[in-house]
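Structure first, commentary second.
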Number of protein chains: 2
Amino acid sequence: MGEQRFAFPLPAEGLPTCWYNLAADLPFRPDPPLHPRTLQPLGPADLSALFPPSLIEQEVSGERFLDVPGEVLDVYRRWRPTPLFRAVRLERDLGTAARIYYKYEGVSPTGSHKPNTAVPQAYYNRRDGTRRLATETGAGQWGSALAFASSFFELECTVYMVRVSYEQKPYRRTLMRAHGAEVVASPSERTAAGRAVRAEHPECPGSLGIAISEAVEQAMTEGETCYALGSVLNHVLLHQTVIGLEAREQMRLAGERPDYIVGCFGGGSNFAGLAFPFLGLGDPKPTVVAAEPSACPSLTRGVYAYDYGDTAGLAPVVRMHTLGHRFVPPSIHAGGLRYHGAAPLVSAILDRGLIAARAVGQRDAFAAAARFTRCEGILPAPESAHAIKVALDLALEAGERGQAPCILFGLSGHGHFDLGAYETYLDGQLEDCEYSLRDGEHALAGLPAVPGG
Amino acid sequence: MGEQRFAFPLPAEGLPTCWYNLAADLPFRPDPPLHPRTLQPLGPADLSALFPPSLIEQEVSGERFLDVPGEVLDVYRRWRPTPLFRAVRLERDLGTAARIYYKYEGVSPTGSHKPNTAVPQAYYNRRDGTRRLATETGAGQWGSALAFASSFFELECTVYMVRVSYEQKPYRRTLMRAHGAEVVASPSERTAAGRAVRAEHPECPGSLGIAISEAVEQAMTEGETCYALGSVLNHVLLHQTVIGLEAREQMRLAGERPDYIVGCFGGGSNFAGLAFPFLGLGDPKPTVVAAEPSACPSLTRGVYAYDYGDTAGLAPVVRMHTLGHRFVPPSIHAGGLRYHGAAPLVSAILDRGLIAARAVGQRDAFAAAARFTRCEGILPAPESAHAIKVALDLALEAGERGQAPCILFGLSGHGHFDLGAYETYLDGQLEDCEYSLRDGEHALAGLPAVPGG
């Protein structure tokens, strides 16, 4: 080492003061969200039962850049700008001529990219008079980020945590409590949605879909309470563009233009946060690849259709790549990628061929992550491992073609809360969970019958 | 927020290129280490069974500044310079007029300050021809840091992990394995020291003292193998001074001179790393306070005497504040502070009244950490919690005197591997473990009879 630069720190003044809104640069208008009961286009007013006015305004904004408020910048400054590294040791280990870079979001207080949107969501809610936020969480990345952000803006925070995770993964639950949040095992007795499930299945282990329904119900029925979502929606993707805006400057410092951009894909916020600024502002545009789990392949095996965001059908209906809202993804360790659908904005550009997608098996993802750890000294989150695997494949495939491209991938978080999964992998016990076509077809049969859809 | 600056990032060029050696500025010569068998002064040659020549040279160096090698700087650059924050929200919550700052080392790849010395130790060992490092670890902070550093310099690494931690805390063990280390539960069948203990107590849960003996034995008996220690020794303290050197520059950026410096204290490396540059290079000098656990109070209730560094008496004998090498500290959650002794260099300046020490109970430490988490958004390591408690006390005591001092404390790591302890605290189940005078007197009766000591 030493002969090559591998760290490209952005000075404090490099923190972006605007978010980038890709919708402003698209040559088409994405299909509108629909009301879950009427299946008619949803107006901003319909969203006000769930979200504060400022966030609804961002959700439908056509502005190209939106200012980051000073109080949000103040919290961002606690860990941003985040590092961008060239993976020199990994390149050497691979024997590739490709240049591989990664943008690392694991330095945030809760270890992932989620605080990038949790902080502005808490800020705008506070400013618009919200007293409490309600949300759901699976493995806990989003719940702990929102708990952190809520404490900064003196909001109360209730997190519905999928019961099986609540019981089997107490650590994230404790982290949320330490940041001041109330954590409720879902399904719970708190909501009609939860009680209905428990009445039928007293031992129900819960699911993300049920937890969303409980949080949405609390927001709709309790005064001064709003709902917060950690991915999928336009305003969430918008907030995450700080990642890509910083990365563009850092690649410039490195004297590079990425030929490929890779991000792991669950709901789409981390992927979009890195890729959108390069896609919309880049010239020439890179090839952008979403890396999703083969156990939950909404982009590569789903349909592009209108579907519900949650299992119970309380959340807005959006047009997206979906496996069907009744699909229950297998219990892969990358809990953050276990979502049946996809961000509508990402779905729209995938449908138009502006980006590509690949599915990655769990064992391949962990093998890539283990290699990365040994070379780069950072243990990746299982979600991020999917992006690493695709980045390595792109480098090797390019080598076979005699090419040496520049590849940038997003390392969305560290894996320090996922060591149980690594233990299983290192012991040779990790299994792949594949998407079941039979279950998938069954779930796809439950799509809503949208008029003219 | 917004009206006050609270983040003082150091640009990449601010990374120190030298370590600071306090020994060069002391008006006295610390007492020499002794051979564990002969109890005669130890020469550099005696250390060569354990350490490579470069580190022995640093151990006895009288130079004021020692250059950080370029390859070590390259690894430091992956997370350094680390942040320094003003705790504006904590100050407001306390209602204090004191200005409270903290230097945060939890952004390192393994979440604590330990890589600051693990990296140069691995580098010098590699350069001097070592093939394998052997070390011990309790809770795992040091073991995971050395595993990380060893992978960067292509050294093999064997970590003897106290058996009870190995079995009850699998996460750190997995982190070490992921970074490529071999982790052995101690006492083991690998070494004579381990076999002797197991023959007598087959169910022995192990102790740090036994694990040190096993690692030292492996280094002494196996070719191309050296021992690595994560605290106590001069060269370890030296490497950690990057913390204080950066913090001095950052306090300058903040336009402040600290009146008080506080660091948590186990073996002394984190404490010394922050405090020594301010003590030796500061003008005027701040009041420096070591925060140790009341369950293991070597500085406040130990004796200043020659004692062994390990239980079995294989390690060098040094003059230090000690509770006796036979003392087994209670199982507090701050595993990194459970050491019977103290760094000789810190002990010498404490004995001469150049620094002060305070003991903190476990529950008070967690209460301070919980308050800190809510205000500052970072969940501290239980070790760091001791420094927070003392910093808060100093602020409140100064307020009672009508003073508003500037206080800087070291936040040595995050508590993401210690969430079980936080769960216990949040559930109101955490208990204090006090130092037992009877056990203490018994242990102190076992000090070696040093000629003329």
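In the structure tokens, the first chain shown is A, the next is B, and so on; residue numbers restart at 1 for each chain, and ligands run from 1 in the order shown.
By only C-alpha atoms, and with residues fewer than 4 positions from Tyr104 (chain A) along its chain excluded, the set lying at most 10 Å from it is Pro81, Thr82, Pro83, Leu84, Phe85, Ser108, Gly111, Ser112, His113, Ile243, Ala247, Ile378, Pro380, Ser384, Phe409, Gly410, Leu411, Ser412, Gly413 and His414 of chain A.
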Fitted chain A, least squares over ordered Cα pairs with chain B, as a short mmCIF file (atom, residue, chain, number, x, y, z; two decimals) with C-alpha atoms, in the first residue's frame:
```cif
data_model
loop_
_atom_site.label_atom_id
_atom_site.label_comp_id
_atom_site.auth_asym_id
_atom_site.auth_seq_id
_atom_site.Cartn_x
_atom_site.Cartn_y
_atom_site.Cartn_z
CA MET A 1 -29.25 24.02 17.82
CA GLY A 2 -27.52 25.76 14.96
CA GLU A 3 -26.53 28.80 17.00
CA GLN A 4 -23.45 27.05 18.38
CA ARG A 5 -20.76 25.07 16.63
CA PHE A 6 -20.55 21.56 18.01
CA ALA A 7 -18.52 19.56 15.46
CA PHE A 8 -14.83 20.23 14.98
CA PRO A 9 -13.69 17.96 12.17
CA LEU A 10 -9.98 17.86 11.47
CA PRO A 11 -9.14 17.80 7.75
CA ALA A 12 -7.37 14.72 6.40
CA GLU A 13 -4.07 16.61 6.48
CA GLY A 14 -4.52 17.03 10.23
CA LEU A 15 -3.71 13.37 10.91
CA PRO A 16 -0.65 13.38 13.21
CA THR A 17 2.50 12.03 11.58
CA CYS A 18 4.31 11.55 14.92
CA TRP A 19 3.41 9.94 18.22
CA TYR A 20 4.19 11.83 21.42
CA ASN A 21 6.33 10.20 24.10
CA LEU A 22 5.58 11.69 27.52
CA ALA A 23 8.57 9.87 29.06
CA ALA A 24 10.86 12.34 27.28
CA ASP A 25 9.30 15.26 29.16
CA LEU A 26 9.15 13.80 32.66
CA PRO A 27 11.51 15.25 35.28
CA PHE A 28 12.20 11.73 36.60
CA ARG A 29 12.97 8.28 35.22
CA PRO A 30 10.26 5.67 35.79
CA ASP A 31 11.37 2.55 37.68
CA PRO A 32 12.58 -0.21 35.36
CA PRO A 33 10.60 -3.39 34.67
CA LEU A 34 11.95 -6.55 36.31
CA HIS A 35 12.41 -10.10 35.07
CA PRO A 36 9.51 -12.25 36.37
CA ARG A 37 11.83 -14.99 37.66
CA THR A 38 14.96 -13.15 38.85
CA LEU A 39 13.21 -9.88 39.84
CA GLN A 40 16.29 -8.10 38.41
CA PRO A 41 15.99 -5.15 36.02
CA LEU A 42 14.94 -6.30 32.57
CA GLY A 43 17.08 -5.35 29.61
CA PRO A 44 15.78 -4.87 26.07
CA ALA A 45 17.26 -8.31 25.24
CA ASP A 46 15.00 -9.97 27.80
CA LEU A 47 11.97 -8.62 26.00
CA SER A 48 12.97 -10.07 22.64
CA ALA A 49 11.36 -13.41 23.43
CA LEU A 50 8.03 -11.57 23.41
CA PHE A 51 8.30 -8.49 21.21
CA PRO A 52 9.98 -7.49 17.91
CA PRO A 53 13.00 -5.16 18.06
CA SER A 54 11.15 -2.07 16.77
CA LEU A 55 8.59 -2.20 19.56
CA ILE A 56 11.22 -2.84 22.23
CA GLU A 57 13.04 0.23 20.96
CA GLN A 58 9.84 2.28 21.33
CA GLU A 59 9.22 0.78 24.77
CA VAL A 60 12.46 2.26 26.12
CA SER A 61 12.72 5.32 23.87
CA GLY A 62 13.63 8.73 25.28
CA GLU A 63 12.73 10.57 22.06
CA ARG A 64 9.99 13.13 22.39
CA PHE A 65 8.30 12.43 19.03
CA LEU A 66 8.43 9.20 17.03
CA ASP A 67 7.46 9.10 13.35
CA VAL A 68 4.35 7.17 12.36
CA PRO A 69 5.35 4.99 9.38
CA GLY A 70 3.59 5.71 6.08
CA GLU A 71 1.98 2.29 5.97
CA VAL A 72 0.48 2.83 9.41
CA LEU A 73 -0.79 6.26 8.36
CA ASP A 74 -2.44 4.59 5.36
CA VAL A 75 -4.47 2.36 7.66
CA TYR A 76 -5.17 5.17 10.18
CA ARG A 77 -6.63 7.16 7.28
CA ARG A 78 -9.45 4.65 7.00
CA TRP A 79 -11.10 6.21 10.05
CA ARG A 80 -8.85 9.00 11.35
CA PRO A 81 -8.89 11.87 12.19
CA THR A 82 -11.78 10.95 14.49
CA PRO A 83 -14.50 13.46 15.43
CA LEU A 84 -14.47 15.86 18.36
CA PHE A 85 -17.83 17.21 19.42
CA ARG A 86 -19.12 19.76 21.86
CA ALA A 87 -21.94 18.16 23.86
CA VAL A 88 -24.34 21.07 23.45
CA ARG A 89 -27.48 19.03 24.02
CA LEU A 90 -25.99 17.37 27.08
CA GLU A 91 -24.92 20.72 28.51
CA ARG A 92 -28.46 22.02 28.06
CA ASP A 93 -29.95 18.92 29.64
CA LEU A 94 -27.60 19.31 32.63
CA GLY A 95 -28.29 23.01 32.89
CA THR A 96 -24.56 23.62 33.24
CA ALA A 97 -22.54 26.62 32.19
CA ALA A 98 -19.54 24.35 31.68
CA ARG A 99 -18.49 23.60 28.10
CA ILE A 100 -18.22 19.84 27.62
CA TYR A 101 -16.36 18.32 24.67
CA TYR A 102 -15.70 14.70 23.75
CA LYS A 103 -13.29 12.97 21.43
CA TYR A 104 -15.00 9.97 19.81
CA GLU A 105 -12.98 6.84 18.93
CA GLY A 106 -15.95 4.57 18.18
CA VAL A 107 -15.76 5.27 14.43
CA SER A 108 -12.87 2.80 14.03
CA PRO A 109 -13.59 -0.46 12.16
CA THR A 110 -13.92 -2.42 15.39
CA GLY A 111 -15.62 0.36 17.35
CA SER A 112 -12.99 1.41 19.88
CA HIS A 113 -9.60 3.10 20.23
CA LYS A 114 -7.79 -0.26 20.20
CA PRO A 115 -6.86 -0.27 16.48
CA ASN A 116 -4.67 2.82 17.10
CA THR A 117 -2.04 0.51 18.59
CA ALA A 118 -3.06 -2.79 16.97
CA VAL A 119 -2.14 -1.37 13.55
CA PRO A 120 1.42 -0.22 14.36
CA GLN A 121 2.02 -3.37 16.43
CA ALA A 122 1.05 -5.52 13.43
CA TYR A 123 3.10 -3.33 11.09
CA TYR A 124 6.33 -3.50 13.13
CA ASN A 125 5.93 -7.21 13.75
CA ARG A 126 5.51 -7.81 10.03
CA ARG A 127 8.53 -5.65 9.23
CA ASP A 128 10.68 -7.44 11.83
CA GLY A 129 9.80 -10.88 10.47
CA THR A 130 7.06 -12.05 12.81
CA ARG A 131 4.69 -14.53 11.18
CA ARG A 132 2.07 -14.86 13.92
CA LEU A 133 0.79 -12.76 16.82
CA ALA A 134 -0.61 -14.28 19.99
CA THR A 135 -2.73 -12.29 22.40
CA GLU A 136 -5.49 -12.54 24.96
CA THR A 137 -8.88 -10.89 25.10
CA GLY A 138 -11.67 -10.59 27.63
CA ALA A 139 -14.78 -9.00 26.21
CA GLY A 140 -13.09 -8.82 22.82
CA GLN A 141 -12.31 -5.17 22.04
CA TRP A 142 -8.59 -5.78 21.89
CA GLY A 143 -8.81 -9.16 20.19
CA SER A 144 -10.98 -7.84 17.38
CA ALA A 145 -8.69 -4.84 16.87
CA LEU A 146 -5.61 -7.06 16.60
CA ALA A 147 -7.44 -9.47 14.27
CA PHE A 148 -8.32 -6.50 12.04
CA ALA A 149 -4.75 -5.17 12.06
CA SER A 150 -3.20 -8.59 11.48
CA SER A 151 -5.29 -9.11 8.36
CA PHE A 152 -3.93 -5.84 6.92
CA PHE A 153 -0.33 -6.90 7.38
CA GLU A 154 -0.86 -10.55 6.47
CA LEU A 155 0.01 -11.89 9.91
CA GLU A 156 -1.62 -14.90 11.45
CA CYS A 157 -3.31 -14.12 14.73
CA THR A 158 -4.26 -16.35 17.65
CA VAL A 159 -6.51 -14.88 20.31
CA TYR A 160 -6.98 -16.59 23.66
CA MET A 161 -10.44 -15.56 24.74
CA VAL A 162 -11.55 -16.01 28.33
CA ARG A 163 -13.74 -19.13 28.12
CA VAL A 164 -16.80 -17.66 29.82
CA SER A 165 -16.82 -14.78 27.34
CA TYR A 166 -16.13 -17.18 24.46
CA GLU A 167 -19.26 -19.09 25.37
CA GLN A 168 -21.53 -16.29 26.56
CA LYS A 169 -20.53 -13.54 24.11
CA PRO A 170 -20.21 -15.22 20.72
CA TYR A 171 -20.49 -11.97 18.76
CA ARG A 172 -17.02 -10.62 19.38
CA ARG A 173 -15.62 -14.08 18.76
CA THR A 174 -17.33 -14.10 15.37
CA LEU A 175 -15.99 -10.64 14.56
CA MET A 176 -12.44 -11.85 15.25
CA ARG A 177 -12.99 -14.92 13.07
CA ALA A 178 -14.41 -12.77 10.27
CA HIS A 179 -11.23 -10.68 10.38
CA GLY A 180 -9.26 -13.90 9.98
CA ALA A 181 -8.10 -14.66 13.51
CA GLU A 182 -8.06 -18.04 15.19
CA VAL A 183 -9.97 -17.78 18.49
CA VAL A 184 -9.20 -20.25 21.26
CA ALA A 185 -11.24 -20.59 24.45
CA SER A 186 -8.91 -20.16 27.44
CA PRO A 187 -7.86 -22.14 29.43
CA SER A 188 -7.13 -24.43 26.48
CA GLU A 189 -5.27 -27.65 25.77
CA ARG A 190 -2.84 -25.69 23.57
CA THR A 191 -0.42 -24.59 26.26
CA ALA A 192 1.15 -26.04 29.36
CA ALA A 193 -0.34 -23.16 31.35
CA GLY A 194 -3.81 -23.94 30.02
CA ARG A 195 -3.49 -27.69 30.48
CA ALA A 196 -2.32 -27.24 34.07
CA VAL A 197 -5.40 -25.18 34.91
CA ARG A 198 -7.74 -27.61 33.16
CA ALA A 199 -6.20 -30.59 34.91
CA GLU A 200 -6.99 -29.01 38.25
CA HIS A 201 -10.31 -27.35 37.32
CA PRO A 202 -11.82 -28.97 34.19
CA GLU A 203 -14.74 -26.53 34.31
CA CYS A 204 -12.60 -23.42 34.85
CA PRO A 205 -14.33 -20.39 33.22
CA GLY A 206 -10.94 -18.75 32.60
CA SER A 207 -9.62 -15.30 33.42
CA LEU A 208 -7.65 -12.58 31.69
CA GLY A 209 -4.61 -13.58 33.74
CA ILE A 210 -4.70 -17.18 32.49
CA ALA A 211 -5.30 -16.07 28.91
CA ILE A 212 -2.26 -13.76 29.08
CA SER A 213 -0.15 -16.66 30.35
CA GLU A 214 -1.28 -18.84 27.44
CA ALA A 215 -0.52 -16.17 24.83
CA VAL A 216 2.87 -15.37 26.40
CA GLU A 217 3.73 -19.09 26.49
CA GLN A 218 2.86 -19.51 22.81
CA ALA A 219 5.03 -16.52 21.89
CA MET A 220 7.97 -17.83 23.94
CA THR A 221 7.80 -21.39 22.60
CA GLU A 222 6.71 -21.01 18.96
CA GLY A 223 9.03 -19.77 16.20
CA GLU A 224 8.33 -16.44 14.46
CA THR A 225 5.55 -15.76 16.97
CA CYS A 226 5.36 -12.65 19.11
CA TYR A 227 3.07 -11.54 21.87
CA ALA A 228 0.93 -8.41 21.58
CA LEU A 229 -0.53 -6.47 24.49
CA GLY A 230 -3.39 -3.97 24.14
CA SER A 231 -2.57 -1.63 27.03
CA VAL A 232 -0.21 -0.95 29.98
CA LEU A 233 3.13 -0.88 28.10
CA ASN A 234 4.87 2.33 27.09
CA HIS A 235 4.74 1.64 23.35
CA VAL A 236 1.01 0.99 23.53
CA LEU A 237 0.39 4.30 25.31
CA LEU A 238 2.67 5.99 22.77
CA HIS A 239 0.59 4.78 19.80
CA GLN A 240 -2.61 5.98 21.43
CA THR A 241 -1.34 9.57 21.61
CA VAL A 242 -2.80 10.11 18.12
CA ILE A 243 -6.04 10.65 20.05
CA GLY A 244 -4.73 13.52 22.16
CA LEU A 245 -2.65 15.07 19.39
CA GLU A 246 -5.73 15.31 17.19
CA ALA A 247 -7.85 16.53 20.09
CA ARG A 248 -5.39 19.37 20.83
CA GLU A 249 -5.75 20.64 17.26
CA GLN A 250 -9.51 20.28 17.43
CA MET A 251 -9.76 22.17 20.72
CA ARG A 252 -7.70 24.90 19.10
CA LEU A 253 -10.23 24.98 16.23
CA ALA A 254 -12.94 25.31 18.87
CA GLY A 255 -11.04 28.21 20.40
CA GLU A 256 -10.76 26.41 23.73
CA ARG A 257 -8.20 25.17 26.25
CA PRO A 258 -9.54 22.37 28.40
CA ASP A 259 -9.48 22.98 32.15
CA TYR A 260 -10.21 19.29 32.75
CA ILE A 261 -9.38 16.16 30.78
CA VAL A 262 -11.16 12.93 31.70
CA GLY A 263 -10.51 9.43 30.41
CA CYS A 264 -11.77 6.03 31.49
CA PHE A 265 -9.06 3.88 32.98
CA GLY A 266 -8.43 0.12 32.71
CA GLY A 267 -4.82 -0.55 31.79
CA GLY A 268 -4.37 3.09 30.84
CA SER A 269 -3.93 3.25 27.07
CA ASN A 270 -7.08 5.17 26.20
CA PHE A 271 -6.60 7.52 29.14
CA ALA A 272 -2.94 8.17 28.34
CA GLY A 273 -3.63 8.51 24.62
CA LEU A 274 -5.95 11.43 25.24
CA ALA A 275 -4.25 13.01 28.25
CA PHE A 276 -0.50 12.74 27.64
CA PRO A 277 -0.26 15.30 24.79
CA PHE A 278 -2.21 17.83 26.87
CA LEU A 279 -0.14 17.05 29.97
CA GLY A 280 3.24 17.18 28.29
CA LEU A 281 2.63 19.81 25.61
CA GLY A 282 -0.08 21.89 27.24
CA ASP A 283 0.45 25.34 28.66
CA PRO A 284 -1.26 25.91 31.04
CA LYS A 285 -1.67 22.27 31.97
CA PRO A 286 -5.21 20.99 32.53
CA THR A 287 -6.38 19.01 35.53
CA VAL A 288 -6.38 15.39 34.36
CA VAL A 289 -8.70 12.82 35.94
CA ALA A 290 -8.70 9.05 35.39
CA ALA A 291 -12.15 7.43 35.75
CA GLU A 292 -11.90 3.85 36.96
CA PRO A 293 -14.60 1.39 38.07
CA SER A 294 -15.21 1.19 41.80
CA ALA A 295 -15.24 -2.60 41.38
CA CYS A 296 -11.61 -2.59 40.22
CA PRO A 297 -10.07 0.54 41.77
CA SER A 298 -6.33 0.07 41.18
CA LEU A 299 -5.63 3.83 41.14
CA THR A 300 -7.79 4.91 44.06
CA ARG A 301 -7.45 1.88 46.36
CA GLY A 302 -4.45 -0.09 45.09
CA VAL A 303 -0.87 0.18 46.27
CA TYR A 304 2.02 1.59 44.25
CA ALA A 305 4.35 -1.41 44.14
CA TYR A 306 6.14 -3.89 41.90
CA ASP A 307 3.75 -6.60 40.72
CA TYR A 308 3.28 -9.17 37.94
CA GLY A 309 1.27 -8.26 34.86
CA ASP A 310 -0.47 -11.64 34.74
CA THR A 311 -1.84 -14.19 37.16
CA ALA A 312 0.69 -16.93 36.45
CA GLY A 313 3.71 -14.65 36.83
CA LEU A 314 5.12 -15.12 33.31
CA ALA A 315 4.88 -11.46 32.26
CA PRO A 316 7.37 -8.76 33.30
CA VAL A 317 7.13 -7.31 36.81
CA VAL A 318 6.48 -3.57 36.79
CA ARG A 319 5.98 -0.85 39.36
CA MET A 320 2.38 0.23 39.23
CA HIS A 321 -0.80 0.91 41.12
CA THR A 322 -2.08 -2.59 41.67
CA LEU A 323 -4.75 -4.55 43.48
CA GLY A 324 -2.46 -7.60 43.33
CA HIS A 325 -2.06 -9.95 40.38
CA ARG A 326 -4.12 -12.55 42.24
CA PHE A 327 -7.10 -10.19 42.41
CA VAL A 328 -9.97 -11.34 40.20
CA PRO A 329 -12.12 -8.28 39.42
CA PRO A 330 -15.90 -8.71 39.68
CA SER A 331 -17.70 -9.27 36.39
CA ILE A 332 -18.66 -5.69 35.60
CA HIS A 333 -19.87 -5.01 32.07
CA ALA A 334 -16.93 -2.69 31.37
CA GLY A 335 -14.70 -5.68 30.60
CA GLY A 336 -11.97 -3.41 29.28
CA LEU A 337 -11.49 -1.90 32.76
CA ARG A 338 -11.13 -5.24 34.60
CA TYR A 339 -7.37 -5.17 35.10
CA HIS A 340 -5.68 -5.54 38.47
CA GLY A 341 -2.85 -3.16 37.62
CA ALA A 342 -2.17 0.03 35.72
CA ALA A 343 0.26 1.36 33.14
CA PRO A 344 3.61 2.08 34.91
CA LEU A 345 3.88 5.48 33.24
CA VAL A 346 0.42 6.53 34.44
CA SER A 347 1.13 5.09 37.88
CA ALA A 348 4.34 7.09 38.18
CA ILE A 349 2.66 10.42 37.42
CA LEU A 350 -0.29 9.61 39.66
CA ASP A 351 2.15 8.83 42.46
CA ARG A 352 3.78 12.23 41.94
CA GLY A 353 0.45 14.03 42.00
CA LEU A 354 0.49 15.11 38.36
CA ILE A 355 -2.94 13.57 37.73
CA ALA A 356 -5.97 12.59 39.79
CA ALA A 357 -8.26 9.55 39.83
CA ARG A 358 -11.88 8.87 40.75
CA ALA A 359 -13.79 5.60 41.06
CA VAL A 360 -17.27 5.25 39.56
CA GLY A 361 -19.96 2.67 40.32
CA GLN A 362 -21.46 0.62 37.53
CA ARG A 363 -25.00 1.92 37.90
CA ASP A 364 -23.88 5.55 38.00
CA ALA A 365 -21.82 4.93 34.88
CA PHE A 366 -24.78 3.45 32.98
CA ALA A 367 -27.10 6.22 34.16
CA ALA A 368 -24.66 8.79 32.77
CA ALA A 369 -24.35 6.81 29.54
CA ALA A 370 -28.12 6.57 29.13
CA ARG A 371 -28.45 10.33 29.55
CA PHE A 372 -25.62 10.86 27.08
CA THR A 373 -27.30 8.58 24.51
CA ARG A 374 -30.56 10.50 24.69
CA CYS A 375 -28.78 13.84 24.31
CA GLU A 376 -25.91 13.10 21.95
CA GLY A 377 -27.28 10.19 19.90
CA ILE A 378 -24.30 7.90 20.51
CA LEU A 379 -24.56 4.80 22.71
CA PRO A 380 -21.26 4.67 24.66
CA ALA A 381 -19.23 1.60 25.52
CA PRO A 382 -19.60 0.73 29.22
CA GLU A 383 -15.94 1.63 29.66
CA SER A 384 -16.47 5.12 28.20
CA ALA A 385 -19.49 5.56 30.46
CA HIS A 386 -17.12 5.96 33.41
CA ALA A 387 -15.52 9.00 31.81
CA ILE A 388 -18.94 10.50 31.07
CA LYS A 389 -19.98 10.15 34.70
CA VAL A 390 -16.86 11.93 35.96
CA ALA A 391 -17.21 14.68 33.34
CA LEU A 392 -20.80 15.31 34.42
CA ASP A 393 -19.78 15.39 38.09
CA LEU A 394 -16.98 17.87 37.37
CA ALA A 395 -19.41 20.14 35.52
CA LEU A 396 -21.96 20.07 38.33
CA GLU A 397 -19.35 20.54 41.08
CA ALA A 398 -17.90 23.51 39.21
CA GLY A 399 -21.38 24.97 38.92
CA GLU A 400 -21.76 24.78 42.69
CA ARG A 401 -18.55 26.79 42.98
CA GLY A 402 -19.88 29.30 40.47
CA GLN A 403 -17.37 28.22 37.83
CA ALA A 404 -17.90 27.32 34.18
CA PRO A 405 -14.88 25.26 33.10
CA CYS A 406 -14.07 23.65 29.77
CA ILE A 407 -14.12 19.85 30.12
CA LEU A 408 -12.88 17.37 27.53
CA PHE A 409 -13.48 13.66 27.93
CA GLY A 410 -12.62 10.62 25.84
CA LEU A 411 -15.45 8.55 24.38
CA SER A 412 -13.31 5.49 23.74
CA GLY A 413 -15.88 3.41 21.87
CA HIS A 414 -19.50 2.64 21.10
CA GLY A 415 -21.61 0.19 23.03
CA HIS A 416 -23.15 -1.75 20.17
CA PHE A 417 -21.56 -4.97 21.42
CA ASP A 418 -22.80 -4.30 24.96
CA LEU A 419 -26.52 -4.07 24.38
CA GLY A 420 -27.19 -6.94 26.75
CA ALA A 421 -25.79 -4.79 29.56
CA TYR A 422 -27.94 -1.83 28.50
CA GLU A 423 -31.01 -4.09 28.44
CA THR A 424 -30.27 -5.06 32.04
CA TYR A 425 -29.84 -1.41 32.97
CA LEU A 426 -33.03 -0.25 31.20
CA ASP A 427 -34.96 -3.03 32.92
CA GLY A 428 -33.71 -1.75 36.30
CA GLN A 429 -31.83 -4.98 36.95
CA LEU A 430 -28.24 -3.68 36.85
CA GLU A 431 -26.35 -4.12 40.08
CA ASP A 432 -23.24 -2.49 41.44
CA CYS A 433 -20.23 -4.70 42.11
CA GLU A 434 -18.08 -3.18 44.80
CA TYR A 435 -14.43 -3.83 45.54
CA SER A 436 -14.15 -6.23 48.42
CA LEU A 437 -11.57 -5.14 50.97
CA ARG A 438 -11.17 -8.69 52.22
CA ASP A 439 -10.47 -10.11 48.74
CA GLY A 440 -8.31 -7.10 48.04
CA GLU A 441 -6.14 -7.54 51.12
CA HIS A 442 -5.73 -11.20 50.29
CA ALA A 443 -4.57 -10.37 46.76
CA LEU A 444 -2.19 -7.66 47.94
CA ALA A 445 -0.52 -10.20 50.21
CA GLY A 446 0.73 -11.93 47.03
CA LEU A 447 2.97 -9.14 45.73
CA PRO A 448 6.47 -10.27 44.76
CA ALA A 449 9.25 -9.54 47.27
CA VAL A 450 11.31 -7.18 45.17
CA PRO A 451 14.87 -6.57 46.46
CA GLY A 452 14.93 -2.95 47.61
CA GLY A 453 11.34 -2.48 46.38
#
```
